[in-house]
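model37.cif (mmCIF, C-alpha atoms) appears below.
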data_model
#
loop_
_atom_site.label_atom_id
_atom_site.label_comp_id
_atom_site.auth_asym_id
_atom_site.auth_seq_id
_atom_site.Cartn_x
_atom_site.Cartn_y
_atom_site.Cartn_z
CA MET A 1 64.90 -13.25 -52.35
CA LYS A 2 67.10 -15.42 -54.45
CA THR A 3 67.48 -18.89 -53.17
CA ILE A 4 70.26 -20.08 -55.43
CA ASP A 5 72.75 -17.28 -55.29
CA ASN A 6 75.84 -18.61 -57.04
CA SER A 7 77.00 -21.03 -59.65
CA GLU A 8 78.46 -23.30 -56.98
CA ASP A 9 74.90 -24.24 -56.15
CA GLN A 10 74.58 -25.84 -59.56
CA ASP A 11 76.01 -29.06 -58.07
CA PHE A 12 73.19 -29.10 -55.57
CA GLN A 13 70.66 -28.35 -58.29
CA ASP A 14 71.93 -31.35 -60.20
CA PHE A 15 71.93 -33.52 -57.10
CA PHE A 16 68.32 -32.67 -56.27
CA SER A 17 67.22 -32.91 -59.89
CA GLU A 18 68.51 -36.47 -59.97
CA MET A 19 66.69 -37.13 -56.73
CA LYS A 20 63.45 -35.73 -58.17
CA ALA A 21 63.86 -37.87 -61.27
CA LYS A 22 64.15 -40.97 -59.10
CA ASP A 23 61.17 -39.89 -57.00
CA SER A 24 59.02 -39.49 -60.08
CA ALA A 25 59.03 -43.28 -60.35
CA ILE A 26 57.46 -43.58 -56.89
CA ALA A 27 53.73 -44.28 -56.90
CA VAL A 28 51.96 -41.42 -55.15
CA PRO A 29 48.81 -42.53 -53.29
CA GLN A 30 45.55 -41.14 -54.61
CA PHE A 31 44.18 -37.99 -53.09
CA PRO A 32 41.62 -39.21 -50.55
CA ARG A 33 38.00 -38.64 -51.40
CA ILE A 34 36.80 -36.17 -48.82
CA ARG A 35 33.27 -36.98 -47.78
CA LYS A 36 31.09 -34.83 -45.65
CA SER A 37 30.48 -36.24 -42.24
CA LYS A 38 26.99 -37.72 -42.04
CA SER A 39 26.93 -37.93 -38.28
CA TRP A 40 25.11 -34.58 -37.85
CA GLY A 41 22.50 -35.56 -40.42
CA LEU A 42 21.68 -38.68 -38.43
CA ILE A 43 20.73 -36.74 -35.27
CA PRO A 44 17.19 -35.65 -36.38
CA ILE A 45 16.52 -39.17 -37.64
CA GLY A 46 17.60 -40.56 -34.27
CA ILE A 47 15.36 -38.13 -32.38
CA ALA A 48 12.38 -38.92 -34.62
CA ALA A 49 12.91 -42.66 -34.18
CA SER A 50 13.13 -42.28 -30.38
CA LEU A 51 9.90 -40.25 -30.28
CA ALA A 52 8.12 -42.78 -32.46
CA LEU A 53 9.25 -45.59 -30.18
CA LEU A 54 8.09 -43.71 -27.08
CA ALA A 55 4.72 -42.96 -28.67
CA TRP A 56 4.25 -46.62 -29.55
CA PHE A 57 5.31 -47.72 -26.08
CA TYR A 58 2.92 -45.39 -24.24
CA ARG A 59 0.11 -45.42 -26.75
CA GLY A 60 -3.41 -45.42 -25.26
CA ASP A 61 -5.04 -48.87 -25.15
CA GLY A 62 -8.58 -48.65 -26.41
CA SER A 63 -9.80 -51.83 -24.69
CA ILE A 64 -12.28 -51.37 -21.80
CA GLN A 65 -10.87 -52.42 -18.49
CA PRO A 66 -13.22 -54.62 -16.35
CA LEU A 67 -14.23 -52.88 -13.15
CA ASP A 68 -15.13 -56.01 -11.21
CA HIS A 69 -12.48 -55.61 -8.61
CA ASP A 70 -12.18 -51.87 -8.52
CA VAL A 71 -13.23 -51.51 -4.93
CA ILE A 72 -12.63 -53.93 -2.10
CA ILE A 73 -14.65 -53.27 1.03
CA ILE A 74 -13.36 -54.75 4.24
CA THR A 75 -15.74 -54.48 7.11
CA LEU A 76 -15.53 -55.69 10.66
CA GLU A 77 -18.87 -57.03 11.78
CA GLU A 78 -20.16 -58.43 14.98
CA GLY A 79 -21.40 -62.01 14.68
CA GLN A 80 -24.22 -63.83 16.50
CA ASN A 81 -22.03 -64.79 19.42
CA ASN A 82 -20.65 -61.30 19.71
CA GLU A 83 -17.48 -62.34 17.96
CA LEU A 84 -15.90 -59.97 15.49
CA GLN A 85 -15.36 -61.12 11.96
CA PHE A 86 -13.98 -59.56 8.83
CA LYS A 87 -16.17 -59.35 5.80
CA ILE A 88 -14.44 -58.75 2.50
CA GLU A 89 -16.40 -57.96 -0.60
CA SER A 90 -15.53 -56.43 -3.92
CA THR A 91 -17.69 -54.20 -6.03
CA THR A 92 -17.45 -52.10 -9.16
CA GLU A 93 -18.45 -48.97 -7.38
CA LEU A 94 -18.39 -47.57 -3.90
CA GLU A 95 -22.00 -47.37 -2.82
CA SER A 96 -21.32 -46.33 0.71
CA TRP A 97 -18.22 -45.44 2.58
CA GLU A 98 -17.68 -45.10 6.26
CA SER A 99 -14.66 -43.55 7.73
CA PRO A 100 -12.64 -45.99 9.86
CA THR A 101 -12.67 -43.41 12.63
CA SER A 102 -16.36 -42.54 12.38
CA SER A 103 -17.07 -44.67 15.47
CA LEU A 104 -14.98 -42.22 17.46
CA LEU A 105 -17.40 -39.50 16.50
CA THR A 106 -20.57 -41.45 17.13
CA ASP A 107 -19.45 -43.05 20.37
CA PHE A 108 -19.00 -39.75 22.09
CA MET B 109 38.34 -19.72 -48.52
CA LYS B 110 35.58 -22.11 -49.44
CA LYS B 111 35.98 -25.78 -48.65
CA ARG B 112 35.64 -26.80 -52.26
CA GLN B 113 38.30 -24.32 -53.34
CA LEU B 114 40.65 -25.50 -50.61
CA GLU B 115 40.08 -29.12 -51.61
CA ASN B 116 41.02 -28.33 -55.21
CA LEU B 117 44.21 -26.59 -54.11
CA LEU B 118 45.11 -29.53 -51.90
CA LYS B 119 44.54 -31.86 -54.83
CA GLU B 120 46.92 -29.81 -56.95
CA LEU B 121 49.58 -29.91 -54.25
CA HIS B 122 49.01 -33.56 -53.36
CA GLN B 123 52.04 -34.98 -55.16
CA GLU B 124 54.45 -32.42 -53.72
CA ALA B 125 52.84 -32.82 -50.32
CA TYR B 126 53.40 -36.56 -50.45
CA HIS B 127 57.08 -36.17 -51.32
CA TRP B 128 57.53 -33.63 -48.51
CA SER B 129 55.74 -35.96 -46.12
CA ARG B 130 58.07 -38.76 -47.17
CA GLN B 131 61.08 -36.56 -46.61
CA CYS B 132 59.81 -35.52 -43.17
CA CYS B 133 59.34 -39.22 -42.31
CA SER B 134 62.90 -40.23 -43.17
CA PHE B 135 61.68 -41.60 -46.52
CA ASP B 136 59.39 -44.13 -44.88
CA GLU B 137 56.55 -44.45 -47.39
CA ASP B 138 54.00 -46.06 -45.09
CA LEU B 139 54.55 -43.49 -42.39
CA ALA B 140 54.40 -40.71 -44.99
CA LYS B 141 50.99 -41.94 -46.15
CA ASP B 142 49.69 -42.06 -42.58
CA VAL B 143 51.01 -38.59 -41.84
CA LEU B 144 49.47 -37.12 -44.99
CA GLN B 145 46.15 -38.80 -44.21
CA GLN B 146 46.30 -37.27 -40.73
CA VAL B 147 47.05 -33.86 -42.24
CA TYR B 148 44.02 -34.01 -44.53
CA LEU B 149 41.88 -35.12 -41.59
CA LYS B 150 43.11 -32.18 -39.51
CA ILE B 151 42.18 -29.82 -42.33
CA LEU B 152 38.76 -31.43 -42.84
CA GLU B 153 37.97 -31.34 -39.13
CA GLY B 154 39.07 -27.73 -38.86
CA LYS B 155 41.97 -28.50 -36.53
CA ALA B 156 44.33 -26.99 -39.09
CA ILE B 157 42.89 -23.78 -40.53
CA TYR B 158 44.28 -21.95 -43.54
CA LYS B 159 44.01 -18.24 -42.73
CA GLU B 160 45.44 -17.08 -46.05
CA LYS B 161 48.29 -15.26 -44.32
CA SER B 162 50.82 -17.28 -46.25
CA GLN B 163 50.85 -19.26 -49.46
CA ILE B 164 48.86 -22.45 -49.25
CA LYS B 165 51.94 -24.53 -50.10
CA THR B 166 53.89 -22.98 -47.21
CA TRP B 167 50.98 -23.60 -44.83
CA LEU B 168 50.43 -27.18 -46.01
CA PHE B 169 54.13 -28.02 -45.76
CA SER B 170 54.18 -26.55 -42.26
CA VAL B 171 51.23 -28.73 -41.18
CA ILE B 172 52.87 -31.81 -42.71
CA ARG B 173 56.15 -31.11 -40.94
CA PHE B 174 54.40 -30.56 -37.62
CA THR B 175 52.32 -33.74 -37.97
CA ALA B 176 55.36 -35.80 -38.93
CA LEU B 177 57.15 -34.52 -35.83
CA GLU B 178 54.13 -35.49 -33.70
CA TRP B 179 54.22 -39.02 -35.12
CA LYS B 180 57.94 -39.27 -34.59
CA LYS B 181 57.48 -38.21 -30.99
CA LYS B 182 54.80 -40.83 -30.52
CA ALA B 183 57.07 -43.47 -31.99
CA LYS B 184 59.87 -42.22 -29.73
CA ASN B 185 62.14 -41.89 -32.68
CA THR B 186 62.90 -38.27 -31.98
CA TYR B 187 66.23 -36.68 -31.86
CA SER B 188 67.11 -33.17 -30.80
CA LEU B 189 66.50 -30.63 -33.51
CA GLU B 190 68.87 -28.26 -31.84
CA ALA B 191 71.78 -30.62 -32.19
CA GLU B 192 73.99 -29.46 -34.96
CA PHE B 193 76.70 -32.00 -35.29
CA ASP B 194 79.12 -31.78 -38.10
CA VAL B 195 79.15 -34.71 -40.42
CA ALA B 196 81.66 -37.33 -39.40
CA GLU B 197 81.16 -40.26 -41.68
CA THR B 198 83.45 -43.17 -42.18
CA GLU B 199 84.37 -44.35 -45.64
CA GLN B 200 82.26 -47.43 -45.17
CA GLU B 201 79.13 -45.43 -44.45
CA ILE B 202 79.51 -43.58 -47.72
CA ASN B 203 79.54 -46.88 -49.57
CA ALA B 204 76.81 -47.05 -52.20
CA ALA B 205 74.83 -44.25 -50.60
CA SER B 206 71.79 -43.10 -52.57
CA HIS B 207 70.62 -39.50 -52.68
CA GLU B 208 68.18 -40.23 -49.89
CA GLU B 209 70.80 -41.89 -47.73
CA LEU B 210 73.15 -38.95 -48.19
CA ILE B 211 70.41 -36.47 -47.25
CA GLU B 212 69.52 -38.56 -44.21
CA LYS B 213 73.07 -38.23 -42.93
CA LEU B 214 72.57 -34.49 -42.49
CA PRO B 215 71.21 -33.01 -39.25
CA GLU B 216 67.41 -32.64 -39.40
CA ARG B 217 67.21 -28.90 -39.97
CA GLN B 218 69.97 -28.84 -42.54
CA LYS B 219 68.16 -31.62 -44.39
CA GLU B 220 64.86 -29.75 -44.23
CA VAL B 221 66.16 -26.43 -45.49
CA LEU B 222 68.07 -27.99 -48.39
CA LEU B 223 65.06 -30.02 -49.45
CA LEU B 224 62.74 -27.02 -49.23
CA VAL B 225 65.05 -24.79 -51.24
CA PHE B 226 66.50 -27.14 -53.84
CA TYR B 227 63.86 -29.85 -54.13
CA HIS B 228 60.68 -27.85 -53.57
CA ASN B 229 61.99 -24.55 -55.02
CA LEU B 230 61.02 -22.44 -52.02
CA THR B 231 62.79 -19.33 -50.80
CA LEU B 232 64.68 -19.20 -47.52
CA GLU B 233 61.89 -17.00 -46.10
CA LYS B 234 59.30 -19.65 -46.92
CA ALA B 235 61.57 -22.31 -45.47
CA ALA B 236 61.81 -20.25 -42.29
CA GLU B 237 57.99 -20.08 -42.11
CA ILE B 238 57.64 -23.82 -42.58
CA MET B 239 60.39 -24.66 -40.11
CA GLU B 240 59.08 -22.04 -37.65
CA ILE B 241 62.49 -20.49 -37.05
CA ARG B 242 64.06 -17.12 -37.75
CA ILE B 243 65.48 -16.35 -41.17
CA GLY B 244 68.97 -15.95 -39.66
CA SER B 245 68.86 -19.49 -38.29
CA VAL B 246 67.64 -20.79 -41.63
CA ARG B 247 70.59 -19.18 -43.38
CA THR B 248 72.96 -20.84 -40.91
CA HIS B 249 71.37 -24.25 -41.43
CA TYR B 250 71.39 -23.66 -45.18
CA ASP B 251 75.12 -22.81 -45.31
CA ARG B 252 76.11 -25.67 -43.01
CA GLY B 253 73.84 -28.06 -44.87
CA LYS B 254 75.39 -27.17 -48.21
CA ARG B 255 78.89 -27.54 -46.80
CA ASN B 256 78.11 -30.92 -45.26
CA LEU B 257 76.25 -32.25 -48.29
CA LYS B 258 79.09 -31.17 -50.54
CA GLU B 259 81.53 -33.13 -48.38
CA LEU B 260 79.30 -36.17 -48.53
CA ILE B 261 78.94 -35.94 -52.31
CA LEU B 262 82.69 -35.55 -52.72
CA LYS B 263 83.38 -38.54 -50.50
CA LYS B 264 80.90 -40.60 -52.42
CA THR B 265 82.42 -39.54 -55.77
CA LEU B 266 85.92 -40.33 -54.52
CA HIS B 267 84.79 -43.70 -53.30
CA GLU B 268 83.17 -44.50 -56.63
CA ASN B 269 86.28 -43.40 -58.56
CA ASN B 270 88.56 -45.55 -56.42
CA ARG B 271 86.56 -48.70 -57.16
#
Please lay out the structure from this file as structure tokens.
Amino acid sequence: MKTIDNSEDQDFQDFFSEMKAKDSAIAVPQFPRIRKSKSWGLIPIGIAASLALLAWFYRGDGSIQPLDHDVIIITLEEGQNNELQFKIESTTELESWESPTSSLLTDF
Amino acid sequence: MKKRQLENLLKELHQEAYHWSRQCCSFDEDLAKDVLQQVYLKILEGKAIYKEKSQIKTWLFSVIRFTALEWKKKAKNTYSLEAEFDVAETEQEINAASHEELIEKLPERQKEVLLLVFYHNLTLEKAAEIMEIRIGSVRTHYDRGKRNLKELILKKTLHENNR
């Protein structure tokens, strides 16, 4: 399709040509440098860093834990004057264990 | 179309795109730069996709026009595009009017179609695509725009001759 269909339009051509000539003096900003987004590339690095941090945080400690106070035995014993007294002792291992309700079994 | 190829085409059209952006922003250079930056960002982020149904220049100009309208709306500087007032300028307003000032006196759509056809050498069909209106409407705006611009040019010439 013709855009300029008669000679009358020549005036407009001249008008816009003058306008273009003036515009040519205008500084056009540079075409922006299009950079690829790096945000997706950072995701695996972030995951790896998080895993490394977790591994360091929960890493197994090789040092041997002392077992001095592993087991506390509280016993209720009858004294010389038939009074009851608590006896608390700690040990590294449980040599004997008596159920707190065992007396119920033996008494009957 | 590959991204690299599209980028090269955009580079080629950059100067024209800037001038069109400026024209869509009432010749405000700072706003034109912001709008064009926004357009390139839309393209890069895939918010504006070139589907190769039209020429790239037509598509790019359409995106620029749309983005400029968005910015104008945000700035609340909008005026009805449907309004088609005839030019009623006083002698004083014609005083020392530049090309840009004369063009700005036209209603928005008349201004757009004249710039697309005479400045950017596009056909009326392409102008219709960019302006997103029917070809019949474009013709109407084109004829009215020419009539109004001619009046303005004549008034300006008369004013200059009477000095």
At most 12 Å from (72.3, -18.4, -43.4), file frame, all atoms listed in the file: which residues, as a ChimeraX atom specification?
/A:3,5 /B:218,221-222,232-233,235-236,241-255
Point-to-point distance from atom CA of Ser134 of chain B to atom CA of Met239 of chain B, Å rounded to tenths
16.1 Å
Do you have the atom CA of Glu137 of chain B-atom CA of Pro215 of chain B distance handy?
20.3 Å
Box for segment 14-21 of chain A: with edges along x, y and z, all listed atoms inside and 8 Å added on each side, what are the centre and edge lengths in Å to one decimal, as AutoDock Vina command-line options?
--center_x 67.7 --center_y -34.6 --center_z -58.8 --size_x 24.5 --size_y 22.5 --size_z 21.0
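Atom CA of Glu18 of chain A is found 29.4 Å from atom CA of Gln146 of chain B.
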Please write the residues picked by the PyMOL selection byres ((chain B) within 7 of (chain A)) on this file as a CSV table (one decimal) with C-alpha atoms, in the coordinates of the input.
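The resulting file, selection39.csv, is shown below:
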chain,number,residue,atom,x,y,z
B,119,LYS,CA,44.5,-31.9,-54.8
B,122,HIS,CA,49.0,-33.6,-53.4
B,123,GLN,CA,52.0,-35.0,-55.2
B,126,TYR,CA,53.4,-36.6,-50.4
B,207,HIS,CA,70.6,-39.5,-52.7
B,225,VAL,CA,65.0,-24.8,-51.2
B,226,PHE,CA,66.5,-27.1,-53.8
B,227,TYR,CA,63.9,-29.8,-54.1
B,231,THR,CA,62.8,-19.3,-50.8
B,232,LEU,CA,64.7,-19.2,-47.5
Which of B:Leu214, B:Cys133, B:Ile157, B:Leu149 sits closest to Lys181 of chain B [using only C-alpha atoms]
B:Cys133
Need the shell around Glu160 of chain B: protein/DNA/RNA residues with any atom at most 12 Å away, counting only C-alpha atoms. Skip same-chain ones fewer than 5 positions apart. Format as an MDAnalysis selection string?
chainID B and resid 109:110 114 165:168
Resolved residues for the PyMOL selection byres ((chain A and resi 87) around 12) as a list of chain:residue names:
A:Ile72, A:Ile73, A:Ile74, A:Thr75, A:Leu76, A:Glu77, A:Glu78, A:Gly79, A:Leu84, A:Gln85, A:Phe86, A:Ile88, A:Glu89, A:Ser90
Selection from above, C-alpha atoms, as a PDB file, in the frame of the given file, can you write it?
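Writing the result to out-v5.pdb gives the following:
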ATOM      1  CA  ILE A  72     -12.630 -53.930  -2.100  1.00  0.00           C
ATOM      2  CA  ILE A  73     -14.650 -53.270   1.030  1.00  0.00           C
ATOM      3  CA  ILE A  74     -13.360 -54.750   4.240  1.00  0.00           C
ATOM      4  CA  THR A  75     -15.740 -54.480   7.110  1.00  0.00           C
ATOM      5  CA  LEU A  76     -15.530 -55.690  10.660  1.00  0.00           C
ATOM      6  CA  GLU A  77     -18.870 -57.030  11.780  1.00  0.00           C
ATOM      7  CA  GLU A  78     -20.160 -58.430  14.980  1.00  0.00           C
ATOM      8  CA  GLY A  79     -21.400 -62.010  14.680  1.00  0.00           C
ATOM      9  CA  LEU A  84     -15.900 -59.970  15.490  1.00  0.00           C
ATOM     10  CA  GLN A  85     -15.360 -61.120  11.960  1.00  0.00           C
ATOM     11  CA  PHE A  86     -13.980 -59.560   8.830  1.00  0.00           C
ATOM     12  CA  ILE A  88     -14.440 -58.750   2.500  1.00  0.00           C
ATOM     13  CA  GLU A  89     -16.400 -57.960  -0.600  1.00  0.00           C
ATOM     14  CA  SER A  90     -15.530 -56.430  -3.920  1.00  0.00           C
TER      15      SER A  90
END
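Compared by their closest atoms to Gln113 of chain B, and using all atoms listed in the file, the residues B:Phe135, B:Tyr158, B:Trp128, B:Phe174 rank with B:Tyr158 nearest.
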Closest of B:Ile211, B:Ala156, B:Leu230, B:Ile238 to Leu260 of chain B, counting only C-alpha atoms, is B:Ile211
Run the PyMOL selection byres ((chain B and resi 147) around 9) against the file shown and list the residues it catches, as a ChimeraX atom specification.
/B:142-146,148-152,156,168,171-172,175
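Shortest atom-to-atom contact with Lys219 of chain B among B:Asn116, B:Ser162, B:Ser206, B:Gln131: B:Gln131, counting all atoms listed in the file.
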Will you model N, CA and C atoms for segment 126-143 of chain B and pass it back as an mmCIF file, in the coordinates of the input?
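The new file selection_14.cif reads:
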data_model
loop_
_atom_site.group_PDB
_atom_site.id
_atom_site.type_symbol
_atom_site.label_atom_id
_atom_site.label_comp_id
_atom_site.auth_asym_id
_atom_site.auth_seq_id
_atom_site.Cartn_x
_atom_site.Cartn_y
_atom_site.Cartn_z
ATOM 1 N N TYR B 126 53.007 -35.191 -50.770
ATOM 2 C CA TYR B 126 53.400 -36.560 -50.450
ATOM 3 C C TYR B 126 54.917 -36.691 -50.366
ATOM 4 N N HIS B 127 55.607 -36.088 -51.339
ATOM 5 C CA HIS B 127 57.080 -36.170 -51.320
ATOM 6 C C HIS B 127 57.652 -35.484 -50.078
ATOM 7 N N TRP B 128 57.060 -34.344 -49.709
ATOM 8 C CA TRP B 128 57.530 -33.630 -48.510
ATOM 9 C C TRP B 128 57.234 -34.464 -47.252
ATOM 10 N N SER B 129 56.091 -35.102 -47.248
ATOM 11 C CA SER B 129 55.740 -35.960 -46.120
ATOM 12 C C SER B 129 56.742 -37.108 -45.995
ATOM 13 N N ARG B 130 57.080 -37.674 -47.134
ATOM 14 C CA ARG B 130 58.070 -38.760 -47.170
ATOM 15 C C ARG B 130 59.424 -38.292 -46.647
ATOM 16 N N GLN B 131 59.797 -37.111 -47.053
ATOM 17 C CA GLN B 131 61.080 -36.560 -46.610
ATOM 18 C C GLN B 131 61.077 -36.263 -45.110
ATOM 19 N N CYS B 132 59.931 -35.806 -44.608
ATOM 20 C CA CYS B 132 59.810 -35.520 -43.170
ATOM 21 C C CYS B 132 59.797 -36.821 -42.359
ATOM 22 N N CYS B 133 59.432 -37.928 -43.000
ATOM 23 C CA CYS B 133 59.340 -39.220 -42.310
ATOM 24 C C CYS B 133 60.546 -40.104 -42.633
ATOM 25 N N SER B 134 61.662 -39.496 -42.867
ATOM 26 C CA SER B 134 62.900 -40.230 -43.170
ATOM 27 C C SER B 134 62.711 -41.236 -44.310
ATOM 28 N N PHE B 135 61.924 -40.833 -45.293
ATOM 29 C CA PHE B 135 61.680 -41.600 -46.520
ATOM 30 C C PHE B 135 60.955 -42.926 -46.262
ATOM 31 N N ASP B 136 60.222 -42.961 -45.180
ATOM 32 C CA ASP B 136 59.390 -44.130 -44.880
ATOM 33 C C ASP B 136 58.020 -43.918 -45.544
ATOM 34 N N GLU B 137 57.757 -44.704 -46.581
ATOM 35 C CA GLU B 137 56.550 -44.450 -47.390
ATOM 36 C C GLU B 137 55.250 -44.695 -46.628
ATOM 37 N N ASP B 138 55.230 -45.749 -45.834
ATOM 38 C CA ASP B 138 54.000 -46.060 -45.090
ATOM 39 C C ASP B 138 53.692 -44.970 -44.069
ATOM 40 N N LEU B 139 54.730 -44.546 -43.380
ATOM 41 C CA LEU B 139 54.550 -43.490 -42.390
ATOM 42 C C LEU B 139 54.123 -42.180 -43.069
ATOM 43 N N ALA B 140 54.735 -41.925 -44.234
ATOM 44 C CA ALA B 140 54.400 -40.710 -44.990
ATOM 45 C C ALA B 140 52.924 -40.690 -45.375
ATOM 46 N N LYS B 141 52.408 -41.851 -45.768
ATOM 47 C CA LYS B 141 50.990 -41.940 -46.150
ATOM 48 C C LYS B 141 50.093 -41.666 -44.937
ATOM 49 N N ASP B 142 50.470 -42.264 -43.807
ATOM 50 C CA ASP B 142 49.690 -42.060 -42.580
ATOM 51 C C ASP B 142 49.694 -40.597 -42.161
ATOM 52 N N VAL B 143 50.877 -40.000 -42.251
ATOM 53 C CA VAL B 143 51.010 -38.590 -41.840
ATOM 54 C C VAL B 143 50.161 -37.696 -42.744
#
